[in-house]
$ cat protein39.txt   # compact mmCIF, C-alpha atoms and all ligand atoms
# COMPACT_ATOMS: atom_id res chain seq x y z
CA MET A 1 154.82 111.24 21.22
CA ASN A 2 151.17 110.33 21.51
CA THR A 3 150.38 109.51 25.14
CA LYS A 4 147.51 107.11 25.71
CA ILE A 5 145.51 108.07 28.82
CA LYS A 6 143.15 105.55 30.45
CA MET A 7 141.19 105.99 33.68
CA ILE A 8 140.78 102.96 35.90
CA ASP A 9 138.39 102.32 38.79
CA GLU A 10 140.17 101.05 41.93
CA LYS A 11 137.10 99.10 42.98
CA ASN A 12 136.58 97.43 39.64
CA LEU A 13 139.96 96.99 37.94
CA ASP A 14 139.77 96.81 34.16
CA ARG A 15 142.20 93.99 33.30
CA ASP A 16 142.42 95.09 29.67
CA ILE A 17 143.94 98.43 30.70
CA ILE A 18 146.40 96.75 33.09
CA ILE A 19 147.51 94.33 30.37
CA GLU A 20 147.78 97.03 27.71
CA ALA A 21 149.94 99.16 30.04
CA ALA A 22 152.08 96.16 31.05
CA ASN A 23 152.72 95.43 27.37
CA VAL A 24 154.10 98.96 26.97
CA ILE A 25 156.61 98.18 29.76
CA LYS A 26 157.53 94.84 28.18
CA GLU A 27 158.36 96.71 24.95
CA GLY A 28 160.65 99.11 26.83
CA GLY A 29 158.18 102.01 27.04
CA LEU A 30 157.09 104.25 29.93
CA VAL A 31 153.82 104.20 31.91
CA ALA A 32 152.73 106.62 34.65
CA PHE A 33 150.53 105.09 37.34
CA PRO A 34 148.99 106.00 40.71
CA THR A 35 150.43 104.84 44.03
CA GLU A 36 149.32 105.60 47.60
CA THR A 37 152.03 108.28 47.85
CA VAL A 38 152.30 110.11 44.52
CA TYR A 39 152.02 109.18 40.82
CA GLY A 40 155.02 107.21 39.56
CA LEU A 41 156.69 107.27 36.14
CA GLY A 42 157.45 103.62 35.46
CA GLY A 43 159.80 101.67 33.20
CA ASN A 44 161.47 98.26 33.39
CA ALA A 45 164.07 98.68 36.16
CA LEU A 46 166.25 95.98 34.58
CA ASN A 47 166.28 97.57 31.11
CA PRO A 48 168.90 100.37 30.94
CA SER A 49 167.37 102.00 27.87
CA ALA A 50 163.92 102.21 29.50
CA VAL A 51 165.44 103.74 32.65
CA LYS A 52 167.36 106.28 30.52
CA LYS A 53 164.06 107.32 28.97
CA ILE A 54 162.67 108.01 32.47
CA PHE A 55 165.52 110.42 33.18
CA GLU A 56 164.92 112.16 29.83
CA ALA A 57 161.14 112.48 30.28
CA LYS A 58 161.58 114.09 33.72
CA GLY A 59 164.69 116.11 32.94
CA ARG A 60 166.21 114.36 35.99
CA PRO A 61 169.88 114.74 36.96
CA GLN A 62 171.84 111.58 36.06
CA ASP A 63 173.24 111.14 39.56
CA ASN A 64 169.84 110.64 41.20
CA PRO A 65 168.90 106.95 41.51
CA VAL A 66 165.37 105.65 41.00
CA ILE A 67 163.40 103.26 43.20
CA ALA A 68 162.58 99.73 41.98
CA HIS A 69 158.95 98.82 42.75
CA ILE A 70 157.82 95.23 43.31
CA ALA A 71 154.41 93.59 43.70
CA ASP A 72 155.30 90.54 45.83
CA PHE A 73 157.81 89.81 48.58
CA LYS A 74 159.70 87.10 46.69
CA GLU A 75 160.74 89.55 43.96
CA ILE A 76 163.18 91.33 46.27
CA ASN A 77 165.55 88.34 46.44
CA ALA A 78 166.89 88.72 42.90
CA LEU A 79 167.52 92.44 43.34
CA VAL A 80 169.65 92.52 46.49
CA LYS A 81 172.78 90.80 47.85
CA GLU A 82 171.33 90.18 51.29
CA ILE A 83 168.45 91.23 53.48
CA PRO A 84 169.50 92.17 57.04
CA GLU A 85 167.19 91.01 59.86
CA VAL A 86 166.01 94.56 60.53
CA ALA A 87 164.99 94.98 56.87
CA LYS A 88 163.01 91.73 57.04
CA LYS A 89 161.13 93.03 60.05
CA LEU A 90 160.43 96.36 58.35
CA MET A 91 159.15 94.59 55.23
CA GLU A 92 156.83 92.41 57.28
CA LYS A 93 155.46 95.33 59.22
CA PHE A 94 155.20 98.09 56.62
CA TRP A 95 154.95 96.47 53.17
CA PRO A 96 152.96 96.88 51.09
CA GLY A 97 153.11 100.59 51.91
CA PRO A 98 154.88 103.95 51.68
CA MET A 99 158.38 102.70 52.57
CA THR A 100 161.53 102.32 50.44
CA LEU A 101 164.43 100.22 51.73
CA ILE A 102 167.99 100.89 50.61
CA LEU A 103 169.95 97.62 50.34
CA GLN A 104 173.11 96.34 48.63
CA LYS A 105 172.19 95.73 44.99
CA SER A 106 172.69 92.48 43.10
CA GLU A 107 174.41 92.21 39.70
CA ILE A 108 171.17 92.24 37.71
CA VAL A 109 170.26 95.80 38.72
CA PRO A 110 171.76 98.10 36.08
CA ASP A 111 174.00 101.01 37.10
CA VAL A 112 171.70 103.55 35.46
CA THR A 113 168.87 102.54 37.83
CA THR A 114 171.02 103.21 40.92
CA ALA A 115 172.94 106.10 39.32
CA GLY A 116 176.15 104.12 39.79
CA LEU A 117 175.58 103.43 43.51
CA LYS A 118 176.15 99.98 44.98
CA CYS A 119 172.76 100.17 46.72
CA VAL A 120 169.25 99.99 45.35
CA GLY A 121 166.01 101.41 46.71
CA ILE A 122 163.10 98.95 46.76
CA ARG A 123 159.44 99.58 47.52
CA MET A 124 156.26 97.51 47.45
CA PRO A 125 153.35 99.96 47.09
CA SER A 126 149.95 99.23 48.59
CA ASN A 127 147.81 100.95 45.96
CA ILE A 128 145.88 98.20 44.21
CA ILE A 129 146.29 99.66 40.71
CA ALA A 130 150.05 99.95 41.24
CA ARG A 131 150.33 96.40 42.58
CA GLU A 132 148.31 94.79 39.80
CA PHE A 133 150.12 96.78 37.14
CA ILE A 134 153.59 95.85 38.48
CA ARG A 135 152.52 92.21 38.81
CA ALA A 136 151.31 92.15 35.21
CA CYS A 137 154.63 93.63 34.02
CA GLY A 138 156.50 90.67 35.52
CA VAL A 139 159.60 92.83 36.15
CA PRO A 140 160.54 95.35 38.85
CA ILE A 141 159.38 98.84 37.89
CA ALA A 142 161.74 101.78 38.20
CA ALA A 143 159.55 104.73 39.14
CA PRO A 144 160.40 108.20 40.30
CA SER A 145 157.57 110.62 40.93
CA ALA A 146 155.84 111.48 37.62
CA ASN A 147 156.64 115.20 37.66
CA ILE A 148 159.06 117.30 35.68
CA SER A 149 162.18 117.37 37.84
CA GLY A 150 162.01 120.08 40.51
CA ARG A 151 158.23 120.53 40.50
CA PRO A 152 155.93 119.24 43.25
CA SER A 153 155.07 115.57 42.69
CA PRO A 154 151.66 114.86 41.08
CA THR A 155 149.04 113.53 43.45
CA ASP A 156 146.23 113.38 40.93
CA VAL A 157 146.00 112.34 37.32
CA GLU A 158 145.45 115.88 35.97
CA ARG A 159 148.84 116.98 37.35
CA CYS A 160 150.46 113.86 35.95
CA ILE A 161 148.99 114.64 32.51
CA GLU A 162 150.13 118.27 32.82
CA ASP A 163 153.76 117.19 33.25
CA MET A 164 153.95 113.98 31.20
CA ASP A 165 151.50 114.24 28.28
CA GLY A 166 153.46 113.88 25.02
CA LYS A 167 156.59 112.64 26.82
CA ILE A 168 155.65 109.05 27.71
CA ASP A 169 153.63 106.21 26.18
CA TYR A 170 150.82 105.67 28.65
CA ILE A 171 149.14 107.14 31.73
CA ILE A 172 146.92 105.07 34.02
CA GLY A 173 144.65 107.45 35.93
CA GLY A 174 143.17 106.58 39.31
CA GLU A 175 141.90 108.44 42.34
CA MET A 176 143.83 111.13 44.18
CA CYS A 177 146.80 109.65 46.10
CA ASP A 178 146.00 108.98 49.77
CA ILE A 179 149.23 110.11 51.44
CA GLY A 180 150.39 112.80 49.04
CA VAL A 181 154.08 112.85 50.00
CA GLU A 182 156.64 110.36 48.73
CA SER A 183 157.65 107.20 50.59
CA THR A 184 159.95 107.11 53.61
CA VAL A 185 163.43 106.15 52.34
CA ILE A 186 165.34 104.05 54.90
CA ASP A 187 169.00 103.11 54.67
CA CYS A 188 169.19 99.49 55.82
CA THR A 189 172.88 99.10 55.01
CA VAL A 190 173.73 100.75 58.34
CA GLN A 191 172.85 99.99 61.92
CA PRO A 192 170.81 101.57 63.40
CA VAL A 193 168.75 102.24 60.29
CA CYS A 194 168.58 105.83 59.09
CA ILE A 195 165.77 107.77 57.43
CA LEU A 196 167.12 109.46 54.31
CA ARG A 197 163.75 110.95 53.33
CA PRO A 198 160.81 111.25 55.77
CA GLY A 199 157.39 110.03 54.62
CA GLY A 200 154.21 108.23 55.64
CA ILE A 201 156.07 105.59 57.68
CA THR A 202 157.17 107.82 60.53
CA LEU A 203 160.20 107.73 62.83
CA GLU A 204 157.87 106.80 65.70
CA MET A 205 156.63 103.78 63.68
CA LEU A 206 160.18 102.75 62.73
CA LYS A 207 161.32 102.83 66.34
CA GLU A 208 158.95 99.96 67.06
CA VAL A 209 161.33 97.85 64.95
CA ASP A 210 164.69 99.55 65.58
CA LYS A 211 164.54 101.67 68.73
CA ASP A 212 167.69 103.58 67.70
CA ALA A 213 166.42 104.52 64.22
CA TYR A 214 167.06 108.20 63.43
CA ILE A 215 166.58 110.80 60.72
CA ASP A 216 169.63 111.90 58.70
CA PRO A 217 170.15 115.26 60.49
CA ALA A 218 171.35 116.93 57.28
CA ILE A 219 168.03 116.79 55.49
CA MET A 220 165.97 119.17 57.62
CA LYS A 221 168.33 122.11 57.36
CA LYS A 222 169.42 124.37 54.57
CA PRO A 223 172.07 122.55 52.53
CA ASP A 224 175.53 124.16 52.42
CA LYS A 225 177.85 123.67 49.46
CA ASP A 226 179.50 120.58 50.95
CA PHE A 227 176.15 118.93 51.61
CA LYS A 228 176.29 115.28 50.52
CA PRO A 229 173.11 113.47 51.57
CA LYS A 230 173.03 109.71 51.14
CA ALA A 231 169.84 110.02 49.08
CA PRO A 232 171.17 112.10 46.19
CA GLY A 233 167.68 113.43 45.44
CA MET A 234 167.61 115.35 48.72
CA LYS A 235 170.21 117.86 47.57
CA TYR A 236 168.20 119.20 44.65
CA LYS A 237 165.79 122.11 44.70
CA HIS A 238 162.56 120.28 44.89
CA TYR A 239 158.84 120.44 45.29
CA ALA A 240 158.96 124.03 44.10
CA PRO A 241 156.01 125.79 42.54
CA LYS A 242 156.70 128.82 40.33
CA ALA A 243 155.62 131.22 43.08
CA HIS A 244 158.00 132.05 45.91
CA VAL A 245 157.07 130.17 49.12
CA LYS A 246 157.48 131.57 52.64
CA ILE A 247 156.78 129.71 55.89
CA VAL A 248 155.84 131.21 59.25
CA ALA A 249 156.47 128.99 62.29
CA GLY A 250 155.79 129.27 66.02
CA ASP A 251 152.81 129.94 68.24
CA LEU A 252 149.65 129.69 66.13
CA GLN A 253 148.10 133.02 67.20
CA LYS A 254 151.36 134.84 66.47
CA THR A 255 151.70 132.96 63.18
CA ILE A 256 148.30 134.18 62.03
CA ALA A 257 149.17 137.78 62.95
CA LYS A 258 152.53 137.54 61.16
CA ILE A 259 151.01 136.04 58.04
CA ASN A 260 148.36 138.79 57.93
CA GLU A 261 151.15 141.35 58.19
CA ILE A 262 153.25 139.72 55.43
CA VAL A 263 150.21 139.46 53.16
CA GLN A 264 149.36 143.14 53.74
CA ASN A 265 152.90 144.14 52.76
CA TYR A 266 152.80 142.13 49.53
CA ILE A 267 149.39 143.49 48.62
CA GLY A 268 150.85 146.97 49.17
CA GLU A 269 153.45 146.08 46.53
CA ASN A 270 150.67 145.00 44.15
CA LYS A 271 151.60 141.33 44.47
CA SER A 272 149.04 138.55 44.65
CA VAL A 273 149.39 136.19 47.59
CA GLY A 274 148.16 132.69 48.38
CA ILE A 275 147.86 131.53 51.97
CA MET A 276 148.17 127.88 52.97
CA ALA A 277 146.02 127.72 56.07
CA THR A 278 144.21 124.99 57.99
CA ASP A 279 140.55 124.38 58.84
CA GLU A 280 141.21 125.80 62.30
CA THR A 281 142.81 129.06 61.11
CA LYS A 282 141.41 129.95 57.68
CA LYS A 283 138.74 132.31 59.01
CA TYR A 284 141.37 134.60 60.53
CA TYR A 285 142.88 135.61 57.20
CA LYS A 286 141.26 138.68 55.72
CA ASN A 287 143.19 139.14 52.47
CA GLY A 288 144.91 137.00 49.87
CA ILE A 289 143.63 133.73 48.41
CA VAL A 290 143.13 131.39 51.37
CA VAL A 291 143.22 127.61 50.92
CA SER A 292 142.95 125.17 53.79
CA LEU A 293 145.19 122.10 53.62
CA GLY A 294 142.86 120.30 56.03
CA SER A 295 142.50 119.93 59.77
CA ARG A 296 145.45 120.04 62.14
CA GLU A 297 143.75 117.10 63.88
CA ASP A 298 144.28 114.99 60.75
CA MET A 299 147.85 115.42 59.52
CA ILE A 300 147.39 112.93 56.67
CA SER A 301 144.81 115.29 55.14
CA ILE A 302 147.50 118.00 55.24
CA SER A 303 150.09 115.79 53.52
CA LYS A 304 147.51 114.62 50.99
CA ASN A 305 146.69 118.18 49.91
CA LEU A 306 150.14 119.78 50.17
CA PHE A 307 151.52 119.34 46.63
CA GLU A 308 148.15 119.83 44.96
CA THR A 309 147.67 123.12 46.82
CA LEU A 310 151.15 124.36 45.85
CA ARG A 311 150.40 123.59 42.22
CA SER A 312 146.90 125.08 42.34
CA PHE A 313 148.41 128.41 43.47
CA ASP A 314 150.53 128.38 40.31
CA ASP A 315 147.34 127.97 38.27
CA LYS A 316 145.95 131.03 40.03
CA GLY A 317 149.12 132.92 39.12
CA VAL A 318 150.00 134.10 42.63
CA ASP A 319 153.41 135.71 43.12
CA VAL A 320 153.94 134.49 46.68
CA ILE A 321 152.62 131.62 48.80
CA VAL A 322 152.72 132.02 52.58
CA SER A 323 152.24 128.86 54.63
CA GLU A 324 151.68 128.02 58.26
CA ALA A 325 154.17 125.52 59.71
CA PHE A 326 153.40 122.15 61.31
CA GLU A 327 154.73 120.34 64.33
CA GLU A 328 157.56 117.99 63.38
CA ILE A 329 156.12 114.80 64.79
CA GLY A 330 154.66 111.84 62.90
CA VAL A 331 153.97 112.67 59.27
CA GLY A 332 154.55 116.33 60.21
CA VAL A 333 158.27 115.68 59.69
CA ALA A 334 157.66 114.77 56.03
CA ILE A 335 155.29 117.72 55.57
CA MET A 336 157.83 120.20 56.96
CA ASN A 337 160.66 118.62 54.96
CA ARG A 338 158.77 119.14 51.66
CA LEU A 339 157.47 122.56 52.68
CA GLN A 340 160.92 123.81 53.68
CA LYS A 341 162.43 122.60 50.43
CA SER A 342 159.67 124.20 48.39
CA ALA A 343 160.37 127.43 50.29
CA GLY A 344 164.13 127.19 49.79
CA PHE A 345 164.25 127.26 53.61
CA ASP A 346 162.64 130.74 53.80
CA ILE A 347 161.15 130.34 57.26
CA THR A 348 160.27 133.06 59.75
CA THR A 349 159.86 132.05 63.39
CA VAL A 350 157.55 134.13 65.56
O1 LIG A 401 156.67 107.35 47.08
C1 LIG A 401 157.66 107.24 46.33
O2 LIG A 401 158.75 106.85 46.73
C2 LIG A 401 157.45 107.61 44.86
C3 LIG A 401 156.45 106.62 44.25
C4 LIG A 401 156.30 106.77 42.76
O3 LIG A 401 156.79 105.32 44.60
N1 LIG A 401 158.71 107.62 44.17
C5 LIG A 401 159.63 108.59 44.37
O4 LIG A 401 160.78 108.48 43.61
O5 LIG A 401 159.47 109.51 45.15
P1 LIG A 401 161.80 109.67 43.39
O6 LIG A 401 162.74 109.16 42.38
O7 LIG A 401 161.06 110.91 43.08
O8 LIG A 401 162.57 109.78 44.76
C6 LIG A 401 163.46 108.74 45.16
C7 LIG A 401 164.35 109.20 46.30
C8 LIG A 401 165.39 110.21 45.82
O9 LIG A 401 165.63 111.16 46.84
C9 LIG A 401 166.61 109.31 45.61
O10 LIG A 401 167.82 110.03 45.71
C10 LIG A 401 166.44 108.27 46.71
O11 LIG A 401 165.05 108.07 46.80
N2 LIG A 401 167.08 107.00 46.33
C11 LIG A 401 166.69 106.13 45.38
N3 LIG A 401 167.56 105.09 45.27
C12 LIG A 401 168.52 105.32 46.20
C13 LIG A 401 169.72 104.63 46.58
N4 LIG A 401 170.12 103.51 45.97
N5 LIG A 401 170.49 105.17 47.56
C14 LIG A 401 170.11 106.31 48.16
N6 LIG A 401 169.00 107.02 47.85
C15 LIG A 401 168.21 106.53 46.87
MG MG A 402 160.56 112.92 43.03

$ encode --input "protein39.txt" --output "structure tokens"
Amino acid sequence: MNTKIKMIDEKNLDRDIIIEAANVIKEGGLVAFPTETVYGLGGNALNPSAVKKIFEAKGRPQDNPVIAHIADFKEINALVKEIPEVAKKLMEKFWPGPMTLILQKSEIVPDVTTAGLKCVGIRMPSNIIAREFIRACGVPIAAPSANISGRPSPTDVERCIEDMDGKIDYIIGGEMCDIGVESTVIDCTVQPVCILRPGGITLEMLKEVDKDAYIDPAIMKKPDKDFKPKAPGMKYKHYAPKAHVKIVAGDLQKTIAKINEIVQNYIGENKSVGIMATDETKKYYKNGIVVSLGSREDMISISKNLFETLRSFDDKGVDVIVSEAFEEIGVGVAIMNRLQKSAGFDITTV
């Protein structure tokens, strides 16, 4: 398939590109587009054959539902049976933004979109390109992250092209995604509400609306064979670069010493090693390829750079990536969730 790739300027939206891409959706085709979290791979959420094509392009397991994206509040009404009070409050406070609400689905949402579940995930992104594109489509847009299943999600257009060129009809390219990890998925069919996947809308923020909100305890630990998370996507090996990832957690001084020791051992075995460091620590690493994710004072810069850094180490052909850990508060919960999954829960505590 010949994939059309068009770059668009967020500050000066080219309507012709938006309309051309929306026409692809109207004809049942697939369009990748930027959002504030990661790039999405979009198709008409109400058209089963378009949604099937999304699963094929990604190589995604059939039992993993996709999120329906909307551009305006009123569009949610047709997609769900009812909107509980708490969900209304969350929508008002955090939409448009990096938050997906799980609600009872209405009849018009096809089973393939929800992978046979009775609930549907709905999100209204804040990225202006995403919003205008979805609005022009005139239908809800089913969009998982625009990566080949299992790989880290693309946070810039080059990564999106790497995974999707030749597999889909159209790619809209914008700037690098601001948040860099996928949206917070919140189950609103239960009370108190429960975070099924941590993201940019943090537990602390959610508690302002539902003080008893909590994170599904299953998702931060290594899954056992009976593990059945409510968000089916959370059980798959995910966010994984080709290199093996190891995490070192604990006191920062001890972490640095441990990472230096691990790196030395790998180098002794003739392996090449990448280190995911921070602005505060990078100068303490003497060997290996050192990349800073950003400052520990600015956790959003860490989340923004996480997937891109994992993928850039694959380009450099490293055998092993060793990463510092982050405190599990705020967006740090989402960062550690993705990092631990990419490492297959290989974490050493010092
Ligand atoms: O930020 C995001 O959410 C991005 C951008 C493109 O919007 N999308 C995204 O989609 O990350 P995806 O498909 O890669 O991840 C969706 C997650 C999966 O873990 C899936 O299992 C869960 O949301 N999910 C979707 N619909 C669900 C439902 N009805 N019930 C439970 N979990 C659901
Ligand atoms: Mg994904």

$ residues_near_ligand --input "protein39.txt" --ligand "ligand LIG 401 (chain A)" --cutoff "8 Å" --atoms "all atoms listed in the file" --output "CSV table (one decimal) with C-alpha atoms, in the coordinates of the input"
chain,number,residue,atom,x,y,z
A,34,PRO,CA,149.0,106.0,40.7
A,35,THR,CA,150.4,104.8,44.0
A,36,GLU,CA,149.3,105.6,47.6
A,37,THR,CA,152.0,108.3,47.8
A,38,VAL,CA,152.3,110.1,44.5
A,39,TYR,CA,152.0,109.2,40.8
A,40,GLY,CA,155.0,107.2,39.6
A,41,LEU,CA,156.7,107.3,36.1
A,64,ASN,CA,169.8,110.6,41.2
A,65,PRO,CA,168.9,107.0,41.5
A,66,VAL,CA,165.4,105.6,41.0
A,67,ILE,CA,163.4,103.3,43.2
A,69,HIS,CA,159.0,98.8,42.8
A,98,PRO,CA,154.9,104.0,51.7
A,99,MET,CA,158.4,102.7,52.6
A,100,THR,CA,161.5,102.3,50.4
A,102,ILE,CA,168.0,100.9,50.6
A,103,LEU,CA,170.0,97.6,50.3
A,113,THR,CA,168.9,102.5,37.8
A,114,THR,CA,171.0,103.2,40.9
A,115,ALA,CA,172.9,106.1,39.3
A,117,LEU,CA,175.6,103.4,43.5
A,118,LYS,CA,176.2,100.0,45.0
A,119,CYS,CA,172.8,100.2,46.7
A,120,VAL,CA,169.2,100.0,45.4
A,121,GLY,CA,166.0,101.4,46.7
A,122,ILE,CA,163.1,99.0,46.8
A,123,ARG,CA,159.4,99.6,47.5
A,125,PRO,CA,153.4,100.0,47.1
A,143,ALA,CA,159.6,104.7,39.1
A,144,PRO,CA,160.4,108.2,40.3
A,145,SER,CA,157.6,110.6,40.9
A,146,ALA,CA,155.8,111.5,37.6
A,153,SER,CA,155.1,115.6,42.7
A,181,VAL,CA,154.1,112.8,50.0
A,182,GLU,CA,156.6,110.4,48.7
A,183,SER,CA,157.6,107.2,50.6
A,184,THR,CA,160.0,107.1,53.6
A,185,VAL,CA,163.4,106.2,52.3
A,187,ASP,CA,169.0,103.1,54.7
A,196,LEU,CA,167.1,109.5,54.3
A,197,ARG,CA,163.8,111.0,53.3
A,230,LYS,CA,173.0,109.7,51.1
A,231,ALA,CA,169.8,110.0,49.1
A,232,PRO,CA,171.2,112.1,46.2
A,233,GLY,CA,167.7,113.4,45.4
A,234,MET,CA,167.6,115.4,48.7

$ atom_distance --input "protein39.txt" --atom1 "CA of Gly42 in chain A" --atom2 "CA of Asn23 in chain A"
12.4 Å

$ residues_around --input "protein39.txt" --residues "range 2-12 of chain A" --least-positions-apart "4" --cutoff "8 Å" --atoms "all atoms listed in the file" --output "PyMOL selection string"
chain A and resi 17+128-129+165-175

$ residues_around --input "protein39.txt" --residues "Asp319 in chain A" --least-positions-apart "6" --cutoff "9 Å" --atoms "only C-alpha atoms" --output "list in words"
Lys242, Ala243, His244, Val245, Lys271, Ser272, Val273, Gly274 and Phe313 of chain A

$ atom_distance --input "protein39.txt" --atom1 "CA of Glu132 in chain A" --atom2 "CA of Met164 in chain A"
21.8 Å

$ closest_residue --input "protein39.txt" --among "A:Arg131, A:Lys283, A:Lys89, A:His238" --to "ligand MG 402 (chain A)" --atoms "only C-alpha atoms and all ligand atoms"
A:His238

$ axis_aligned_box --input "protein39.txt" --around "range 304-308 of chain A" --padding-each-side "4 Å" --output "JSON"
{"center_x": 149.1, "center_y": 117.2, "center_z": 48.0, "size_x": 12.8, "size_y": 13.2, "size_z": 14.0}

$ closest_residue --input "protein39.txt" --among "A:Val333, A:Ile148, A:Ala22, A:Ala257" --to "ligand MG 402 (chain A)" --atoms "all atoms listed in the file"
A:Ile148

$ closest_atom_pairs --input "protein39.txt" --of "range 176-289 of chain A" --to "range 344-347 of chain A" --cutoff "10 Å" --atoms "all atoms listed in the file" --output "tab-separated table"
residue	atom	partner	partner_atom	distance
A:Met220	CA	A:Phe345	CA	9.2
A:Lys221	CA	A:Phe345	CA	7.6
A:Lys222	CA	A:Phe345	CA	6.0
A:Pro223	CA	A:Phe345	CA	9.2
A:Lys237	CA	A:Gly344	CA	7.4
A:His238	CA	A:Gly344	CA	8.6
A:Tyr239	CA	A:Gly344	CA	9.7
A:Ala240	CA	A:Gly344	CA	8.3
A:His244	CA	A:Gly344	CA	8.7
A:Val245	CA	A:Asp346	CA	7.3
A:Lys246	CA	A:Asp346	CA	5.4
A:Ile247	CA	A:Ile347	CA	4.6
A:Val248	CA	A:Ile347	CA	5.7
A:Ala249	CA	A:Ile347	CA	7.0

$ residues_near_point --input "protein39.txt" --point "(172.1, 101.5, 59.1)" --cutoff "12 Å" --atoms "only C-alpha atoms" --output "VMD selection string"
chain A and resid 84 to 87 101 to 104 185 to 196 210 212 to 216 230

$ closest_residue --input "protein39.txt" --among "A:Asp315, A:Arg159, A:Ile335, A:Pro152" --to "ligand MG 402 (chain A)" --atoms "all atoms listed in the file"
A:Pro152

$ atom_distance --input "protein39.txt" --atom1 "CA of Gln253 in chain A" --atom2 "CA of Thr349 in chain A"
12.4 Å

$ residues_near_point --input "protein39.txt" --point "(151.2, 96.2, 26.4)" --cutoff "12 Å" --atoms "all atoms listed in the file" --output "JSON, numbers by chain"
{"A": [4, 15, 16, 17, 18, 19, 20, 21, 22, 23, 24, 25, 26, 27, 28, 29, 30, 31, 133, 136, 137, 138, 169, 170]}

$ residues_around --input "protein39.txt" --residues "Ala78 in chain A" --least-positions-apart "4" --cutoff "9 Å" --atoms "all atoms listed in the file" --output "VMD selection string"
chain A and resid 74 106 to 109

$ write_last_selection --input "protein39.txt" --atoms "C-alpha atoms" --output "tab-separated table (two decimals), in the frame of the given file"
chain	number	residue	atom	x	y	z
A	74	LYS	CA	159.70	87.10	46.69
A	106	SER	CA	172.69	92.48	43.10
A	107	GLU	CA	174.41	92.21	39.70
A	108	ILE	CA	171.17	92.24	37.71
A	109	VAL	CA	170.26	95.80	38.72

$ closest_residue --input "protein39.txt" --among "A:Leu90, A:Ile275, A:Ile54, A:Ile134" --to "ligand MG 402 (chain A)" --atoms "only C-alpha atoms and all ligand atoms"
A:Ile54

$ closest_residue --input "protein39.txt" --among "A:Phe326, A:Phe307, A:Tyr284, A:Phe94" --to "ligand MG 402 (chain A)" --atoms "all atoms listed in the file"
A:Phe307

$ residues_around --input "protein39.txt" --residues "Val51 in chain A" --least-positions-apart "5" --cutoff "7 Å" --atoms "only C-alpha atoms" --output "PyMOL selection string"
chain A and resi 43-45+112-113+142

$ closest_residue --input "protein39.txt" --among "A:Met124, A:Met1, A:Val322, A:Ile259" --to "Ala57 in chain A" --atoms "only C-alpha atoms"
A:Met1

$ build_atoms --input "protein39.txt" --residues "range 169-178 of chain A" --atoms "N, CA, C and O atoms" --output "short mmCIF file (atom, residue, chain, number, x, y, z; two decimals), in the coordinates of the input"
data_model
loop_
_atom_site.label_atom_id
_atom_site.label_comp_id
_atom_site.auth_asym_id
_atom_site.auth_seq_id
_atom_site.Cartn_x
_atom_site.Cartn_y
_atom_site.Cartn_z
N ASP A 169 154.55 106.99 27.02
CA ASP A 169 153.63 106.21 26.18
C ASP A 169 152.21 106.13 26.74
O ASP A 169 151.24 106.11 25.99
N TYR A 170 152.11 106.07 28.08
CA TYR A 170 150.82 105.67 28.65
C TYR A 170 150.65 106.26 30.05
O TYR A 170 151.61 106.34 30.81
N ILE A 171 149.45 106.70 30.36
CA ILE A 171 149.14 107.14 31.73
C ILE A 171 147.92 106.38 32.22
O ILE A 171 146.88 106.39 31.57
N ILE A 172 148.08 105.69 33.37
CA ILE A 172 146.92 105.07 34.02
C ILE A 172 146.44 106.07 35.07
O ILE A 172 147.20 106.45 35.96
N GLY A 173 145.20 106.48 34.97
CA GLY A 173 144.65 107.45 35.93
C GLY A 173 143.80 106.75 36.97
O GLY A 173 142.99 105.88 36.65
N GLY A 174 144.00 107.11 38.23
CA GLY A 174 143.17 106.58 39.31
C GLY A 174 142.68 107.71 40.18
O GLY A 174 142.62 108.86 39.73
N GLU A 175 142.36 107.40 41.42
CA GLU A 175 141.90 108.44 42.34
C GLU A 175 143.09 109.26 42.85
O GLU A 175 144.24 108.90 42.64
N MET A 176 142.77 110.33 43.58
CA MET A 176 143.83 111.13 44.18
C MET A 176 144.62 110.27 45.18
O MET A 176 144.04 109.43 45.87
N CYS A 177 145.96 110.46 45.21
CA CYS A 177 146.80 109.65 46.10
C CYS A 177 146.45 109.92 47.56
O CYS A 177 146.23 111.07 47.95
N ASP A 178 146.45 108.86 48.38
CA ASP A 178 146.00 108.98 49.77
C ASP A 178 146.95 109.77 50.66
O ASP A 178 146.52 110.53 51.52
#
